[in-house]
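In what follows, a structure is listed as structure tokens, so that the remarks can point back to it.
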Amino acid sequence: MFKNVFGSGYLVRTAHVMLTWVITLILFLHDTELRKQEETGQLVQPVLFVLMVLVSVLLYFAVSLMDPGFILSDESDLQFMLGVTEEHHDMIPPTTKSLRQRRCGHCLLQQPMRSKHCQTCLHCVRRYDHHCPWIENCVGERNHRWFVLYLGVQLLVLLWGLHIAWTGFGYTPTSQLWLRTNGVLLAVVVVMAVLSLIVLLLLGSHLYLVSLNTTTWEFMSRHRISYLKHCGTDENPFDRGTLSNLWGFFCVWGTVVWEQVYFREGSDQV
């Protein structure tokens with residue numbers, strides 16, 4: 001389920017963890033409300049903040065090391081195991097959407113619908129969304145919901161950290177003295193503000209795409225994807241309504257046979 005922690009993303013993961021805890025340490029060392037509460041014995045907020053940071057780091061490693069849905073063997077018999085028999089396919093009316101099962105030109109394995117070969121990971125990934133250099137892993141069927149959850153927790157930590165850092169700025173008579181006193185804290189605020197904006201945009205875009213039951217790859221490369229380029233501009237064969245899409249994404253576990261969803265949509269239009 002998890003990849004080797006000392007793989008190609010070791011440096012990226014180490015840098016992320018070091019940056020996280022260095023910023024957390026700076027917030028405790030400067031004269032912020034976090035430090036004041038710690039010194040006066042009011043430990044509720046400091047403990048909660050550290051726990052939130054710890055949860056964000058654990059989620060980061062979970063998403064980074066988790067198998068995103070790699071296809072490691074030929075799955076020609078998967079349809080039978082999931083109840084999609086030849087008899088069932090014979091009952092599907094022929095439509096312009098009918099497609100042959102694809103075979104990857106790189107790893108030579110059959111690709112279920114919505115999967116794609118990742119040139120970085122060197123594997124085909126189920127319900128491929130994108131390869132994220134931040135986590136040094138693909139975002140796919142198995143870790144996509146955890147990736148969105150991680151973004152949500154990370155955004156809360158960053159916004160909370162910005163609030164804490166803001167309380168640490170003190171008044172000084174001159175601007176030079178102010179920069180000397182608050183320069184490190186100012187740098188932390190700038191870094192957290194930039195990261196907050198990035199995470200907010202990522203979280204918003206992913207929630208929007210999830211509500212439509214589409215992926216980043218499908219959204220960006222629709223015209224080149226064989227099972228979508230025949231559809232209309234506003235047509236999405238996997239869309240089951242916003243609430244159903246969100247419920248299916250966050251609450252339904254297990255592998256989805258997207259061929260069933262795709263061809264059922266096609267049959268309804270015949």
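In the structure tokens, each chain is lettered A, B, ... as it comes, each chain's residues begin at 1, and ligands are numbered from 1 in order of appearance.
Running DSSP on the backbone and keeping only strand (DSSP E), the residues of segment 54-237 of chain A that qualify are Phe70, Ile71, Arg102, Arg103, Gln110, Gln111, Lys116, His117, Cys118, His123, Cys124, Val125, His130, His131, Cys132, Asn137, Cys138 and Val139 of chain A.
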Dump as a compact mmCIF listing (two decimals), in the first residue's frame, selection limited to all heavy atoms:
# COMPACT_ATOMS: atom_id res chain seq x y z
N PHE A 70 -2.04 2.14 -8.65
CA PHE A 70 -1.21 1.61 -9.72
C PHE A 70 -1.79 0.31 -10.27
O PHE A 70 -2.28 -0.53 -9.52
CB PHE A 70 0.21 1.33 -9.22
CG PHE A 70 1.00 2.56 -8.89
CD1 PHE A 70 1.79 2.60 -7.75
CD2 PHE A 70 0.97 3.67 -9.71
CE1 PHE A 70 2.52 3.73 -7.44
CE2 PHE A 70 1.69 4.79 -9.41
CZ PHE A 70 2.48 4.83 -8.27
N ILE A 71 -1.73 0.17 -11.59
CA ILE A 71 -2.12 -1.07 -12.26
C ILE A 71 -0.85 -1.87 -12.47
O ILE A 71 -0.03 -1.53 -13.31
CB ILE A 71 -2.83 -0.77 -13.59
CG1 ILE A 71 -4.06 0.11 -13.35
CG2 ILE A 71 -3.23 -2.06 -14.30
CD1 ILE A 71 -4.69 0.65 -14.61
N ARG A 102 -8.43 -0.36 -24.00
CA ARG A 102 -7.14 0.17 -24.40
C ARG A 102 -6.01 -0.64 -23.76
O ARG A 102 -6.16 -1.21 -22.69
CB ARG A 102 -7.02 1.62 -23.96
CG ARG A 102 -8.01 2.57 -24.62
CD ARG A 102 -7.86 3.95 -24.05
NE ARG A 102 -8.07 3.95 -22.59
CZ ARG A 102 -7.67 4.91 -21.78
NH1 ARG A 102 -7.03 5.96 -22.26
NH2 ARG A 102 -7.90 4.84 -20.48
N ARG A 103 -4.90 -0.66 -24.44
CA ARG A 103 -3.70 -1.28 -23.88
C ARG A 103 -2.60 -0.22 -23.87
O ARG A 103 -2.35 0.43 -24.87
CB ARG A 103 -3.27 -2.51 -24.68
CG ARG A 103 -2.13 -3.29 -24.05
CD ARG A 103 -1.90 -4.61 -24.74
NE ARG A 103 -2.96 -5.57 -24.49
CZ ARG A 103 -3.04 -6.34 -23.41
NH1 ARG A 103 -2.10 -6.25 -22.48
NH2 ARG A 103 -4.03 -7.18 -23.26
N GLN A 110 -3.60 -3.70 -19.90
CA GLN A 110 -4.89 -3.15 -20.25
C GLN A 110 -5.26 -2.04 -19.27
O GLN A 110 -5.10 -2.19 -18.06
CB GLN A 110 -5.95 -4.24 -20.24
CG GLN A 110 -5.87 -5.18 -21.44
CD GLN A 110 -7.06 -6.11 -21.53
OE1 GLN A 110 -7.74 -6.34 -20.55
NE2 GLN A 110 -7.30 -6.64 -22.72
N GLN A 111 -5.74 -0.93 -19.82
CA GLN A 111 -6.08 0.22 -19.00
C GLN A 111 -7.59 0.30 -18.79
O GLN A 111 -8.34 0.47 -19.76
CB GLN A 111 -5.62 1.51 -19.67
CG GLN A 111 -4.12 1.70 -19.73
CD GLN A 111 -3.77 3.02 -20.40
OE1 GLN A 111 -4.40 3.45 -21.35
NE2 GLN A 111 -2.73 3.68 -19.89
N LYS A 116 -4.52 6.32 -16.68
CA LYS A 116 -3.51 6.93 -17.55
C LYS A 116 -2.12 6.51 -17.07
O LYS A 116 -1.90 6.29 -15.88
CB LYS A 116 -3.62 8.46 -17.53
CG LYS A 116 -2.63 9.18 -18.46
CD LYS A 116 -2.74 10.68 -18.30
CE LYS A 116 -1.77 11.41 -19.21
NZ LYS A 116 -0.35 11.13 -18.87
N HIS A 117 -1.21 6.41 -18.02
CA HIS A 117 0.17 6.08 -17.68
C HIS A 117 0.90 7.35 -17.23
O HIS A 117 0.86 8.38 -17.91
CB HIS A 117 0.90 5.48 -18.88
CG HIS A 117 2.26 4.98 -18.56
ND1 HIS A 117 2.50 3.70 -18.08
CD2 HIS A 117 3.48 5.59 -18.63
CE1 HIS A 117 3.80 3.55 -17.89
NE2 HIS A 117 4.41 4.67 -18.21
N CYS A 118 1.55 7.27 -16.07
CA CYS A 118 2.33 8.40 -15.56
C CYS A 118 3.78 8.21 -15.95
O CYS A 118 4.41 7.21 -15.59
CB CYS A 118 2.19 8.50 -14.04
SG CYS A 118 3.23 9.79 -13.32
N HIS A 123 3.98 3.94 -14.12
CA HIS A 123 2.87 3.00 -13.95
C HIS A 123 1.60 3.64 -14.48
O HIS A 123 1.47 4.88 -14.51
CB HIS A 123 2.65 2.65 -12.48
CG HIS A 123 3.70 1.76 -11.90
ND1 HIS A 123 3.90 0.47 -12.31
CD2 HIS A 123 4.61 1.99 -10.91
CE1 HIS A 123 4.89 -0.07 -11.61
NE2 HIS A 123 5.34 0.83 -10.76
N CYS A 124 0.65 2.80 -14.89
CA CYS A 124 -0.70 3.29 -15.15
C CYS A 124 -1.42 3.46 -13.82
O CYS A 124 -1.24 2.65 -12.90
CB CYS A 124 -1.46 2.31 -16.05
SG CYS A 124 -0.90 2.31 -17.76
N VAL A 125 -2.22 4.50 -13.71
CA VAL A 125 -2.90 4.82 -12.46
C VAL A 125 -4.40 4.88 -12.69
O VAL A 125 -4.87 5.53 -13.63
CB VAL A 125 -2.41 6.18 -11.90
CG1 VAL A 125 -3.10 6.51 -10.59
CG2 VAL A 125 -0.90 6.17 -11.73
N HIS A 130 -3.59 13.68 -11.49
CA HIS A 130 -2.36 14.35 -11.91
C HIS A 130 -1.19 13.81 -11.10
O HIS A 130 -1.40 13.13 -10.08
CB HIS A 130 -2.46 15.87 -11.72
CG HIS A 130 -2.44 16.31 -10.28
ND1 HIS A 130 -3.50 16.09 -9.40
CD2 HIS A 130 -1.48 16.95 -9.55
CE1 HIS A 130 -3.20 16.59 -8.22
NE2 HIS A 130 -1.98 17.11 -8.28
N HIS A 131 0.01 14.10 -11.55
CA HIS A 131 1.20 13.78 -10.75
C HIS A 131 1.60 15.05 -10.01
O HIS A 131 1.86 16.09 -10.63
CB HIS A 131 2.36 13.29 -11.62
CG HIS A 131 3.57 12.91 -10.82
ND1 HIS A 131 3.76 11.64 -10.33
CD2 HIS A 131 4.63 13.65 -10.40
CE1 HIS A 131 4.89 11.60 -9.65
NE2 HIS A 131 5.43 12.81 -9.67
N CYS A 132 1.68 14.96 -8.70
CA CYS A 132 1.93 16.14 -7.87
C CYS A 132 3.39 16.15 -7.40
O CYS A 132 3.80 15.28 -6.63
CB CYS A 132 0.99 16.14 -6.67
SG CYS A 132 1.24 17.55 -5.57
N ASN A 137 4.21 12.03 -5.87
CA ASN A 137 3.38 10.86 -6.10
C ASN A 137 2.23 11.26 -7.01
O ASN A 137 1.91 12.45 -7.15
CB ASN A 137 2.83 10.33 -4.77
CG ASN A 137 2.26 8.93 -4.88
OD1 ASN A 137 2.45 8.24 -5.88
ND2 ASN A 137 1.56 8.49 -3.86
N CYS A 138 1.62 10.27 -7.62
CA CYS A 138 0.41 10.53 -8.40
C CYS A 138 -0.78 10.70 -7.47
O CYS A 138 -0.81 10.16 -6.36
CB CYS A 138 0.14 9.37 -9.36
SG CYS A 138 1.11 9.43 -10.88
N VAL A 139 -1.77 11.43 -7.92
CA VAL A 139 -3.07 11.51 -7.25
C VAL A 139 -4.03 10.71 -8.11
O VAL A 139 -4.26 11.04 -9.28
CB VAL A 139 -3.55 12.96 -7.09
CG1 VAL A 139 -4.94 13.00 -6.48
CG2 VAL A 139 -2.56 13.76 -6.25
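Close contacts of Arg127 of chain A, defined as residues with an atom at most 9 Å away when counting only C-alpha atoms, with chain neighbours fewer than 3 positions off set aside, comprise A:Gly69, A:Pro112, A:Met113, A:Arg114, A:Ser115, A:Lys116, A:Val139, A:Gly140, A:Glu141, A:Arg142, A:Thr215, A:Trp258.
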Could those selected residues go to a file with all heavy atoms, as a tab-separated table (two decimals), in the first residue's frame?
chain	number	residue	atom	x	y	z
A	69	GLY	N	-3.23	3.89	-6.86
A	69	GLY	CA	-4.07	3.05	-7.72
A	69	GLY	C	-3.29	2.51	-8.90
A	69	GLY	O	-3.81	2.44	-10.02
A	112	PRO	N	-8.05	0.20	-17.56
A	112	PRO	CA	-9.46	0.48	-17.29
A	112	PRO	C	-9.77	1.93	-17.66
A	112	PRO	O	-8.88	2.78	-17.72
A	112	PRO	CB	-9.60	0.26	-15.79
A	112	PRO	CG	-8.42	-0.58	-15.42
A	112	PRO	CD	-7.32	-0.17	-16.35
A	113	MET	N	-11.04	2.22	-17.89
A	113	MET	CA	-11.43	3.58	-18.24
A	113	MET	C	-11.04	4.56	-17.14
A	113	MET	O	-11.10	4.24	-15.96
A	113	MET	CB	-12.95	3.63	-18.48
A	113	MET	CG	-13.43	4.93	-19.10
A	113	MET	SD	-15.15	4.83	-19.63
A	113	MET	CE	-14.96	3.88	-21.14
A	114	ARG	N	-10.60	5.73	-17.54
A	114	ARG	CA	-10.18	6.84	-16.70
A	114	ARG	C	-8.77	6.66	-16.14
A	114	ARG	O	-8.32	7.47	-15.34
A	114	ARG	CB	-11.16	7.13	-15.56
A	114	ARG	CG	-12.61	7.29	-15.99
A	114	ARG	CD	-13.48	7.83	-14.88
A	114	ARG	NE	-13.35	9.28	-14.76
A	114	ARG	CZ	-14.03	10.01	-13.87
A	114	ARG	NH1	-14.84	9.43	-13.02
A	114	ARG	NH2	-13.86	11.32	-13.83
A	115	SER	N	-8.07	5.60	-16.54
A	115	SER	CA	-6.69	5.42	-16.10
A	115	SER	C	-5.74	6.04	-17.12
A	115	SER	O	-6.10	6.26	-18.27
A	115	SER	CB	-6.38	3.94	-15.91
A	115	SER	OG	-6.49	3.26	-17.14
A	116	LYS	N	-4.52	6.32	-16.68
A	116	LYS	CA	-3.51	6.93	-17.55
A	116	LYS	C	-2.12	6.51	-17.07
A	116	LYS	O	-1.90	6.29	-15.88
A	116	LYS	CB	-3.62	8.46	-17.53
A	116	LYS	CG	-2.63	9.18	-18.46
A	116	LYS	CD	-2.74	10.68	-18.30
A	116	LYS	CE	-1.77	11.41	-19.21
A	116	LYS	NZ	-0.35	11.13	-18.87
A	139	VAL	N	-1.77	11.43	-7.92
A	139	VAL	CA	-3.07	11.51	-7.25
A	139	VAL	C	-4.03	10.71	-8.11
A	139	VAL	O	-4.26	11.04	-9.28
A	139	VAL	CB	-3.55	12.96	-7.09
A	139	VAL	CG1	-4.94	13.00	-6.48
A	139	VAL	CG2	-2.56	13.76	-6.25
A	140	GLY	N	-4.56	9.63	-7.54
A	140	GLY	CA	-5.43	8.74	-8.30
A	140	GLY	C	-6.57	8.22	-7.46
A	140	GLY	O	-6.93	8.81	-6.42
A	141	GLU	N	-7.12	7.10	-7.87
A	141	GLU	CA	-8.34	6.59	-7.26
A	141	GLU	C	-8.22	6.33	-5.76
A	141	GLU	O	-9.14	6.62	-4.99
A	141	GLU	CB	-8.74	5.29	-7.96
A	141	GLU	CG	-10.06	4.69	-7.50
A	141	GLU	CD	-10.46	3.49	-8.33
A	141	GLU	OE1	-9.86	2.42	-8.17
A	141	GLU	OE2	-11.36	3.64	-9.16
A	142	ARG	N	-7.09	5.81	-5.31
A	142	ARG	CA	-6.98	5.40	-3.91
A	142	ARG	C	-6.61	6.52	-2.96
A	142	ARG	O	-6.93	6.44	-1.76
A	142	ARG	CB	-5.95	4.27	-3.79
A	142	ARG	CG	-6.40	2.97	-4.41
A	142	ARG	CD	-5.39	1.87	-4.13
A	142	ARG	NE	-5.79	0.60	-4.74
A	142	ARG	CZ	-5.05	-0.50	-4.71
A	142	ARG	NH1	-3.88	-0.48	-4.10
A	142	ARG	NH2	-5.48	-1.61	-5.28
A	215	THR	N	-11.76	14.71	-13.50
A	215	THR	CA	-10.41	14.81	-12.95
A	215	THR	C	-9.66	15.96	-13.62
A	215	THR	O	-10.09	16.49	-14.65
A	215	THR	CB	-9.63	13.50	-13.17
A	215	THR	OG1	-9.46	13.29	-14.59
A	215	THR	CG2	-10.37	12.32	-12.57
A	258	TRP	N	-15.85	2.10	-14.12
A	258	TRP	CA	-16.33	3.30	-14.82
A	258	TRP	C	-16.92	2.97	-16.17
A	258	TRP	O	-17.71	3.75	-16.72
A	258	TRP	CB	-15.19	4.31	-14.96
A	258	TRP	CG	-14.76	4.86	-13.64
A	258	TRP	CD1	-13.62	4.61	-12.95
A	258	TRP	CD2	-15.54	5.76	-12.81
A	258	TRP	NE1	-13.61	5.28	-11.76
A	258	TRP	CE2	-14.77	5.99	-11.64
A	258	TRP	CE3	-16.79	6.35	-12.94
A	258	TRP	CZ2	-15.22	6.82	-10.62
A	258	TRP	CZ3	-17.23	7.18	-11.94
A	258	TRP	CH2	-16.45	7.41	-10.79
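Nearest residue to Cys107 of chain A among A:Gln119, A:Gln37, A:Ser175, A:Thr14 is A:Gln119, counting only C-alpha atoms.
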task: Could you tell me how far atom CA of Val50 of chain A lies from atom CA of Ser196 of chain A, in Å and to one decimal?
output: 17.9 Å
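When the distance limit is 12 Å and only C-alpha atoms are what count, the residues near Ala15 of chain A, minus those fewer than 5 positions from it on the same chain, are Gly9, Tyr10, Thr20, Trp21, Val22, Val57, Trp134 and Ile135 of chain A.
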Selection above as a file: N, CA, C and O atoms, as a PDB file, in the first residue's frame:
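Once everything was written out, this is selection.pdb:
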ATOM      1  N   GLY A   9      11.331  10.728  -3.866  1.00  0.00           N
ATOM      2  CA  GLY A   9      10.793  11.931  -3.244  1.00  0.00           C
ATOM      3  C   GLY A   9      11.323  12.201  -1.853  1.00  0.00           C
ATOM      4  O   GLY A   9      10.758  13.037  -1.135  1.00  0.00           O
ATOM      5  N   TYR A  10      12.394  11.537  -1.455  1.00  0.00           N
ATOM      6  CA  TYR A  10      12.922  11.679  -0.092  1.00  0.00           C
ATOM      7  C   TYR A  10      13.277  13.127   0.223  1.00  0.00           C
ATOM      8  O   TYR A  10      12.927  13.648   1.288  1.00  0.00           O
ATOM      9  N   THR A  20       7.854  22.758   7.805  1.00  0.00           N
ATOM     10  CA  THR A  20       6.684  22.763   8.684  1.00  0.00           C
ATOM     11  C   THR A  20       7.077  22.969  10.138  1.00  0.00           C
ATOM     12  O   THR A  20       6.520  23.834  10.833  1.00  0.00           O
ATOM     13  N   TRP A  21       8.050  22.195  10.612  1.00  0.00           N
ATOM     14  CA  TRP A  21       8.407  22.270  12.026  1.00  0.00           C
ATOM     15  C   TRP A  21       9.267  23.490  12.337  1.00  0.00           C
ATOM     16  O   TRP A  21       9.211  24.021  13.469  1.00  0.00           O
ATOM     17  N   VAL A  22      10.051  23.992  11.392  1.00  0.00           N
ATOM     18  CA  VAL A  22      10.814  25.223  11.618  1.00  0.00           C
ATOM     19  C   VAL A  22       9.862  26.406  11.801  1.00  0.00           C
ATOM     20  O   VAL A  22      10.029  27.227  12.722  1.00  0.00           O
ATOM     21  N   VAL A  57       1.046  16.759   8.850  1.00  0.00           N
ATOM     22  CA  VAL A  57       2.264  16.047   8.440  1.00  0.00           C
ATOM     23  C   VAL A  57       1.956  14.577   8.186  1.00  0.00           C
ATOM     24  O   VAL A  57       2.422  13.984   7.198  1.00  0.00           O
ATOM     25  N   TRP A 134       4.704  18.132  -5.328  1.00  0.00           N
ATOM     26  CA  TRP A 134       4.722  18.498  -3.914  1.00  0.00           C
ATOM     27  C   TRP A 134       4.780  17.247  -3.034  1.00  0.00           C
ATOM     28  O   TRP A 134       5.491  17.203  -2.033  1.00  0.00           O
ATOM     29  N   ILE A 135       4.021  16.207  -3.427  1.00  0.00           N
ATOM     30  CA  ILE A 135       4.016  14.966  -2.654  1.00  0.00           C
ATOM     31  C   ILE A 135       4.859  13.883  -3.328  1.00  0.00           C
ATOM     32  O   ILE A 135       4.992  12.781  -2.804  1.00  0.00           O
TER      33      ILE A 135
END
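Distance check against Leu212 of chain A using only C-alpha atoms: of A:Glu39, A:Glu259, A:Asp239, A:Glu33, the minimum falls on A:Asp239.
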Segment 94-196 of chain A residues near segment 201-208 of chain A within 12 Å, closest pair each, using only C-alpha atoms, as JSON lines:
{"residue": "A:Asp129", "atom": "CA", "partner": "A:His206", "partner_atom": "CA", "distance": 9.7}
{"residue": "A:His130", "atom": "CA", "partner": "A:His206", "partner_atom": "CA", "distance": 11.1}
{"residue": "A:Cys132", "atom": "CA", "partner": "A:Leu202", "partner_atom": "CA", "distance": 11.2}
{"residue": "A:Trp134", "atom": "CA", "partner": "A:Leu202", "partner_atom": "CA", "distance": 11.8}
{"residue": "A:Val139", "atom": "CA", "partner": "A:His206", "partner_atom": "CA", "distance": 11.2}
{"residue": "A:His144", "atom": "CA", "partner": "A:His206", "partner_atom": "CA", "distance": 9.4}
{"residue": "A:Arg145", "atom": "CA", "partner": "A:His206", "partner_atom": "CA", "distance": 9.8}
{"residue": "A:Trp146", "atom": "CA", "partner": "A:His206", "partner_atom": "CA", "distance": 11.8}
{"residue": "A:Phe147", "atom": "CA", "partner": "A:Leu203", "partner_atom": "CA", "distance": 9.2}
{"residue": "A:Val148", "atom": "CA", "partner": "A:Leu203", "partner_atom": "CA", "distance": 6.5}
{"residue": "A:Leu149", "atom": "CA", "partner": "A:Leu203", "partner_atom": "CA", "distance": 8.9}
{"residue": "A:Tyr150", "atom": "CA", "partner": "A:Leu203", "partner_atom": "CA", "distance": 9.3}
{"residue": "A:Leu151", "atom": "CA", "partner": "A:Leu203", "partner_atom": "CA", "distance": 5.9}
{"residue": "A:Gly152", "atom": "CA", "partner": "A:Leu203", "partner_atom": "CA", "distance": 6.8}
{"residue": "A:Val153", "atom": "CA", "partner": "A:Leu203", "partner_atom": "CA", "distance": 10.3}
{"residue": "A:Gln154", "atom": "CA", "partner": "A:Leu203", "partner_atom": "CA", "distance": 9.9}
{"residue": "A:Leu155", "atom": "CA", "partner": "A:Leu203", "partner_atom": "CA", "distance": 8.5}
{"residue": "A:Leu156", "atom": "CA", "partner": "A:Leu203", "partner_atom": "CA", "distance": 11.5}
{"residue": "A:Val194", "atom": "CA", "partner": "A:Leu201", "partner_atom": "CA", "distance": 10.9}
{"residue": "A:Leu195", "atom": "CA", "partner": "A:Leu201", "partner_atom": "CA", "distance": 9.9}
{"residue": "A:Ser196", "atom": "CA", "partner": "A:Leu201", "partner_atom": "CA", "distance": 8.5}
Kindly export the residues of the current selection with C-alpha atoms, as a compact mmCIF listing (two decimals), in the first residue's frame.
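So part01.txt came out as:
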# COMPACT_ATOMS: atom_id res chain seq x y z
CA ASP A 129 -5.92 12.99 -11.69
CA HIS A 130 -2.36 14.35 -11.91
CA CYS A 132 1.93 16.14 -7.87
CA TRP A 134 4.72 18.50 -3.91
CA VAL A 139 -3.07 11.51 -7.25
CA HIS A 144 -7.47 11.41 -4.14
CA ARG A 145 -9.91 11.84 -1.24
CA TRP A 146 -6.99 11.83 1.20
CA PHE A 147 -5.24 14.45 -0.92
CA VAL A 148 -8.29 16.73 -0.72
CA LEU A 149 -8.56 16.11 3.04
CA TYR A 150 -4.86 16.93 3.41
CA LEU A 151 -5.34 20.21 1.51
CA GLY A 152 -8.22 21.14 3.83
CA VAL A 153 -6.24 20.43 7.00
CA GLN A 154 -3.14 22.16 5.61
CA LEU A 155 -5.17 25.27 4.78
CA LEU A 156 -6.56 25.42 8.33
CA VAL A 194 1.94 32.36 -0.41
CA LEU A 195 1.37 28.73 0.63
CA SER A 196 -2.15 29.56 1.87
field: Between atom CA of Thr255 of chain A and atom CA of Cys121 of chain A - distance in Å to one decimal
entry: 20.6 Å
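Here atom CA of Arg126 of chain A and atom CA of Ile225 of chain A stand 14.7 Å from one another.
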task: Using only C-alpha atoms, pick whichever of A:Ser211, A:Thr216, A:Ser221, A:Ser56 has the shortest atom-to-atom distance to Phe238 of chain A.
output: A:Ser211
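Surrounding segment 26-32 of chain A within 9 Å are Trp21, Val22, Ile23, Arg35, Lys36, Gln37, Glu38, Pro46, Gly161, Ile164, Ala165, Trp166, Thr167, Gly168, Phe169, Gly170, Asn182, Val184, Leu185 and Val188 of chain A, with only C-alpha atoms counted and residues fewer than 3 positions along the same chain left out.
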message: I'd like to know which residues of segment 37-254 of chain A are helix (DSSP H, G or I) (by DSSP, run on the backbone); could you write them as JSON, numbers by chain?
response: {"A": [37, 38, 39, 44, 45, 46, 47, 48, 49, 50, 51, 52, 53, 54, 55, 56, 57, 58, 59, 60, 61, 62, 63, 64, 65, 78, 79, 80, 81, 86, 87, 88, 89, 90, 144, 145, 146, 147, 148, 149, 150, 151, 152, 153, 154, 155, 156, 157, 158, 159, 160, 161, 162, 163, 164, 165, 166, 175, 176, 177, 178, 179, 180, 181, 182, 183, 184, 185, 186, 187, 188, 189, 190, 191, 192, 193, 194, 195, 196, 197, 198, 199, 200, 201, 202, 203, 204, 205, 206, 207, 208, 209, 210, 211, 212, 216, 217, 218, 219, 220, 222, 223, 224, 242, 243, 244, 245, 246, 247, 248, 249, 250, 251]}
- request: List the neighbours of Val47 of chain A out to 12 Å using only C-alpha atoms; skip same-chain residues closer than 2 positions along the sequence, and give me the result as a ChimeraX atom specification.
  value: /A:24,28,34-35,37-38,41-45,49-54
